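*Asks:* Here it is, the structure, as structure tokens.
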Amino acid sequence: MCQMCTTACGIIGHVKDGRLLKVTGNPEDPNSQGAVCGKGVAGPSVLYDSHRQLYPLRRVGKRGEGRWKRISWEEAYEEIASHLRAIREKGKPEEFAFQQGRNRSKDITGRFLNAFGTPSYFNHRALCSNNRRAAIATTIGESDWDLGDFENSRFILNFGSNWAEAHQGHIPVAIRMMRGRQKGAKIVTFETRLSNTAALSDEWFCVKPGTDGIIALAMANVICQERLWDKEWFDTWANISADEYADHLREYTPERAAEESGVPAEDIARIAREFADAAPRSTTICNRGSQAHRNGYYNDRAITALNALVGSMGKEGGWCWHPISSWDKEAIPEPEPVPEKPSARSIIAEAKEWPLANAFPGKQMKVAEVIYLWIKEGRQKVSALMTYNADTAWAWPEAQLVRSVLEDEDLIPFHVCIDVMYSETAHLADIVLPWTTYLERWDIDSRPAQGLVDYVGLRQPVVPPRGESKDVREILPELARRIGGGMEEYFPWKTTEEYLEEYFAPVPGGFDHMKKNGIWIDPEKEPWYEPYEKELDEAELEGAEEDSETGVIYRQDEDGEKTAVGIRIDGVAKRGFLTPSRKVEIRSDFAVDEGKKAGRDVAALPIYEPVPSHQREFTDGHLIMTSYKINVHNAHRTMQSKWLQEISHTNPALLNTATAKELGIEDGDWIEVTSFRPDDEHVPMGDGSEFNSLRTRVRLTEGVHPLVIAISHNAGRSVGGPFATNGKDESTNPGQDVPDDPDLSRLWWKKALSVPQNDLIPIYPDPVSGGQSFNDTVVKVVKL
């Protein structure tokens with residue numbers, strides 16, 4: 001299963017004489033169905049990269065000097081275990097922090113951290129999809145990931161999702177989008193940049209950043225005023241009436257939305273009618289273009305509610321979801337013994353200043369962008385940090401702050417980095433452990449099911465690990481045994497294969513079936529259409545009570561706690577949605593209450609809240625800087641794929657031709673881009689002050705909004721070998737063998753310009769759910 005991006009497509013490795021020659025798609029994978037993208041094809045170039053980490057390293061100079069000594073695994077294990085054991089034995093497990101990036105081994109990392117007893121576990125969700133997930137979870141309760149039934153849809157309304165290049169469901173979504181188009185579906189995209197997705201759409205509207213929400217609200221207003229809604233469905237399944245919602249929407253006219261967004265009012269009204277006319281085979285899709293803003297939570301609530309208004313939720317061809325975001329862990333549970341969740345507390349992990357960051361059970365929405373700021377401020381002591389597949393020193397907003405904290409031995413006395421490649425974060429570690437690529441290791445994996453039936457997949461090594469690289473499935477159990485104190489009891493298996501034998505025992509054919517096929521799907525399961533309509537049987541109703549006013553059906557436990565199990569609709573007991581009201585929560589009292597706990601006002605209904613720092617005159621070279629991903633790159637590892645680097649190795653600033661003319665800038669000119677902190681009292685350091693500057697070159701295009709300067713974040717590395725260093729450092733990685741690669745003498749792009757965009761982006765969380773506002777930074781552009 002591929003890990004060149006987040007999508008985890010099923011793949012097949014073609015091996016001859018012990019060497020991987022190529023990668024193709026696995027047709028057994030229900031999501032990707034045998035397809036593979038350019039990143040996936042380039043997997044061998046990462047596996048055989050000349051500058052991979054292949055041996056454990058210990059720092060011998062100051063942090064950041066790049067002076068290392070190669071050590072044995074025995075030395076590495078003993079040093080790490082002694083540090084972690086001391087933290088645990090003094091009764092402060094929360095002082096050990098674990099920062100993951102894209103973690104596809106959550107079962108084993110979670111087992112290790114829970115056994116250790118630390119709650120200081122951080123992901124990067126706020127940098128990815130917090131606002132969107134919180135909006136969906138607020139509305140339907142049972143999922144934080146939408147899965148539009150695009151293949152069967154007639155109309156797809158896209159708010160800022162670049163599914164053709166960089167969506168979390170990339171290839172599986174793109175396959176179904178194109179099949180939908182072949183069947184006659186229309187795709188309309190609102191986006192600030194002419195992405196490949198916008199180019200593949202029937203219509204593209206170039207919108208001002210952060211205004212997607214008011215467009216959706218204006219469309220909803222048109223649908224209500226012209227009575228194009230599915231009023232019967234909405235009045236049955238929403239927790240307010242269609243008439244109440246219509247009253248709320250009256251202020252959001254197409255004319256007001258046009259003034260804010262730049263999209264003509266007549267087009268907003270027309271598209272609203274087309275969307276409603278196609279229902280229930282119509283759906284929205286949204287992502288960073290709508291949610292990676294200071295108002296992203298509200299934007300995506302408004303977009304999600306459109307689907308309820310036309311009755312397409314859960315319908316074939318409509319806006320769908322699945323409650324299981326990976327495999328069915330009730331049917332395929334972790335082998336016992338499983339450690340309990342930690343009782344210790346972590347101020348940083350809880351992030352209580354953001355009402356909905358961690359408000360939804362089982363949905364870990366850490367506010368990742370503030371972690372290093374809060375460590376610097378001393379809000380929580382960190383005695384040891386382990387970073388795993390997370391290049392925070394390059395990929396995080398305000399990356400220079402991250403680097404300064406990682407460099408400070410008083411703030412972080414001990415730092416272990418586990419990764420495939422040497423990186424900016426590894427550069428600031430005390431010990432670097434060489435991690436296997438996804439082509440050399442075992443894993444259990446799956447992604448949200450685009451076909452609406454969950455599945456489980458097996459990642460298995462197609463070649464042996466290179467050098468002395470190891471996987472966390474070997475590293476963490478060994479550390480647990482050496483730390484001791486009872487941790488070892490949770491790792492009774494001698495090998496990963498032994499663990500997987502037990503894990504896959506519930507699957508027909510067991511581990512052997514998984515090794516042969518790579519995928520298992522329960523043939524008894526049906527696509528997850530209209531789950532709310534399921535009628536409760538006698539067993540589900542036994543011992544249950546009903547609220548006569550709301551119709552919600554509860555079951556009460558021995559402690560008097562009530563748990564909703566369904567709702568009575570037209571005299572029939574049905575499953576409903578998994579919200580407090582068992583309905584679609586257009587009005588969320590839950591969000592309001594969580595806001596009060598955090599001392600913040602959260603709107604009960606979807607609203608449009610303008611981005612505060614955008615309420616200014618954009619003159620004298622002031623623009624809004626947005627971020628995007630290039631289709632052949634995903635985070636830090638693809639930047640050391642020479643195949644992908646040759647395709648894309650630079651990230652010039654994209655500027656609209658009309659804007660450039662006003663500023664006297666021509667194609668290829670050098671410019672200085674100076675960024676500003678948000679002028680916003682609700683975010684950290686939101687004083688509007690000047691933040692940082694860098695110099696880059698300009699590429700002029702009609703395909704970007706006149707108020708926008710767009711820079712890809714997939715470049716600007718400073719360490720890690722010639723593929724990633726912009727010509728700054730052509731040495732090999734420290735402590736590694738001398739590369740034997742004839743291509744190193746003919747890398748024609750070594751000195752191509754690339755800049756670290758994250759050095760320009762200040763910390764800027766959405767005040768409700770904490771998602772980073774990657775697309776809201778105000779900058780000033782000056783020609784050099």
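Identifiers for the structure tokens are assigned positionally: chains receive A, B, ... in sequence, residues are indexed from 1 per chain, and ligands are indexed from 1 in the order shown.
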Identify, on the basis of only C-alpha atoms, every residue whose closest approach to segment 579-590 of chain A does not exceed 7 Å; exclude the query and any residue fewer than 6 positions from it along the same chain; express the result as a list in words.

*Replies:*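 These residues fall inside the cut-off: Thr138, Thr139, Ile140, Gly141, Trp237, Ala238, Asn239, Ile240, Ala305, Val552, Gly566, Ile567, Ala604 and Leu605 of chain A.
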
*Asks:* List as a compact mmCIF listing (two decimals) with N, CA and C atoms, in the first residue's frame the protein and nucleic acid residues near Gln772 of chain A, meaning an atom at most 8 Å away when only C-alpha atoms are counted, but skip any in the same chain fewer than 3 places from it.

*Replies:*
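Result went into result.txt, see below:
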# COMPACT_ATOMS: atom_id res chain seq x y z
N ALA A 126 -4.45 19.82 12.46
CA ALA A 126 -4.79 21.24 12.34
C ALA A 126 -4.15 21.87 11.11
N LEU A 127 -3.05 21.27 10.64
CA LEU A 127 -2.39 21.77 9.44
C LEU A 127 -3.02 21.19 8.19
N CYS A 128 -3.97 20.29 8.37
CA CYS A 128 -4.53 19.55 7.25
C CYS A 128 -6.04 19.79 7.11
N ALA A 292 -9.16 26.04 5.06
CA ALA A 292 -7.87 26.48 5.60
C ALA A 292 -7.84 27.99 5.75
N HIS A 293 -8.85 28.49 6.46
CA HIS A 293 -9.02 29.92 6.69
C HIS A 293 -9.41 30.16 8.14
N ARG A 294 -9.32 31.39 8.52
CA ARG A 294 -9.71 31.80 9.87
C ARG A 294 -11.21 31.56 10.09
N GLU A 369 -0.30 23.76 15.31
CA GLU A 369 0.53 24.93 15.03
C GLU A 369 0.99 25.66 16.29
N ILE A 763 1.58 31.69 12.73
CA ILE A 763 0.58 30.85 13.40
C ILE A 763 -0.76 31.58 13.34
N TYR A 764 -1.79 30.89 12.80
CA TYR A 764 -3.08 31.56 12.59
C TYR A 764 -4.20 30.53 12.64
N PRO A 765 -4.60 30.09 13.85
CA PRO A 765 -5.66 29.07 13.95
C PRO A 765 -7.06 29.67 13.83
N ASP A 766 -7.97 28.89 13.24
CA ASP A 766 -9.39 29.21 13.31
C ASP A 766 -9.78 29.22 14.79

*Asks:* Give the helix (DSSP H, G or I) residues of segment 484-697 of chain A, as DSSP finds them on the backbone, and put them as a PyMOL selection string.

*Replies:* chain A and resi 487-490+496-503+510-517+531-533+538-541+589-598+612-614+638-640+642-647+657-663

*Asks:* Taking 6 positions as the minimum chain separation for residues in the same chain, which residues sit within 10 Å of segment 75-84 of chain A when counting only C-alpha atoms? Answer as a PDB file with C-alpha atoms, in the first residue's frame.

*Replies:*
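Once written, out04.pdb looks like this:
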ATOM      1  CA  PRO A  56      21.512   5.236  13.504  1.00  0.00           C
ATOM      2  CA  LEU A  57      23.280   8.526  14.270  1.00  0.00           C
ATOM      3  CA  ARG A  58      24.152  10.365  17.484  1.00  0.00           C
ATOM      4  CA  PRO A  93       4.928  10.511  31.686  1.00  0.00           C
ATOM      5  CA  GLU A  95       6.916  15.058  29.744  1.00  0.00           C
ATOM      6  CA  PHE A  96       7.574  12.583  26.919  1.00  0.00           C
ATOM      7  CA  PHE A 116       4.136   4.491  28.563  1.00  0.00           C
ATOM      8  CA  SER A 383      11.889  16.396  28.756  1.00  0.00           C
ATOM      9  CA  ALA A 384      12.013  14.211  25.649  1.00  0.00           C
ATOM     10  CA  LEU A 385      10.541  14.534  22.166  1.00  0.00           C
ATOM     11  CA  MET A 386      10.214  11.826  19.542  1.00  0.00           C
ATOM     12  CA  PRO A 413      16.639  18.295  26.424  1.00  0.00           C
ATOM     13  CA  PHE A 414      16.415  15.140  24.297  1.00  0.00           C
ATOM     14  CA  HIS A 415      15.097  14.701  20.749  1.00  0.00           C
ATOM     15  CA  VAL A 416      14.870  11.465  18.763  1.00  0.00           C
ATOM     16  CA  ASP A 430      20.146  14.174  19.247  1.00  0.00           C
ATOM     17  CA  ILE A 431      19.585  10.722  17.770  1.00  0.00           C
ATOM     18  CA  VAL A 432      18.366   9.935  14.248  1.00  0.00           C
ATOM     19  CA  LEU A 433      16.898   6.489  13.619  1.00  0.00           C
ATOM     20  CA  ILE A 475      11.652  -0.123  17.202  1.00  0.00           C
ATOM     21  CA  LEU A 476       8.857   0.672  19.667  1.00  0.00           C
ATOM     22  CA  GLU A 478      12.076  -3.149  21.650  1.00  0.00           C
ATOM     23  CA  LEU A 479      12.113   0.204  23.460  1.00  0.00           C
ATOM     24  CA  ALA A 480       9.129  -0.904  25.563  1.00  0.00           C
ATOM     25  CA  ARG A 481      10.973  -4.035  26.657  1.00  0.00           C
ATOM     26  CA  ARG A 482      14.061  -2.029  27.594  1.00  0.00           C
ATOM     27  CA  ILE A 483      12.114   0.683  29.431  1.00  0.00           C
ATOM     28  CA  GLY A 484      10.308  -2.030  31.377  1.00  0.00           C
TER      29      GLY A 484
END

*Asks:* Rounded to one decimal place, report the atom CA of Glu65 of chain A-atom CA of Asn692 of chain A distance in Å.

*Replies:*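 Here the two named atoms are 23.7 Å from each other.
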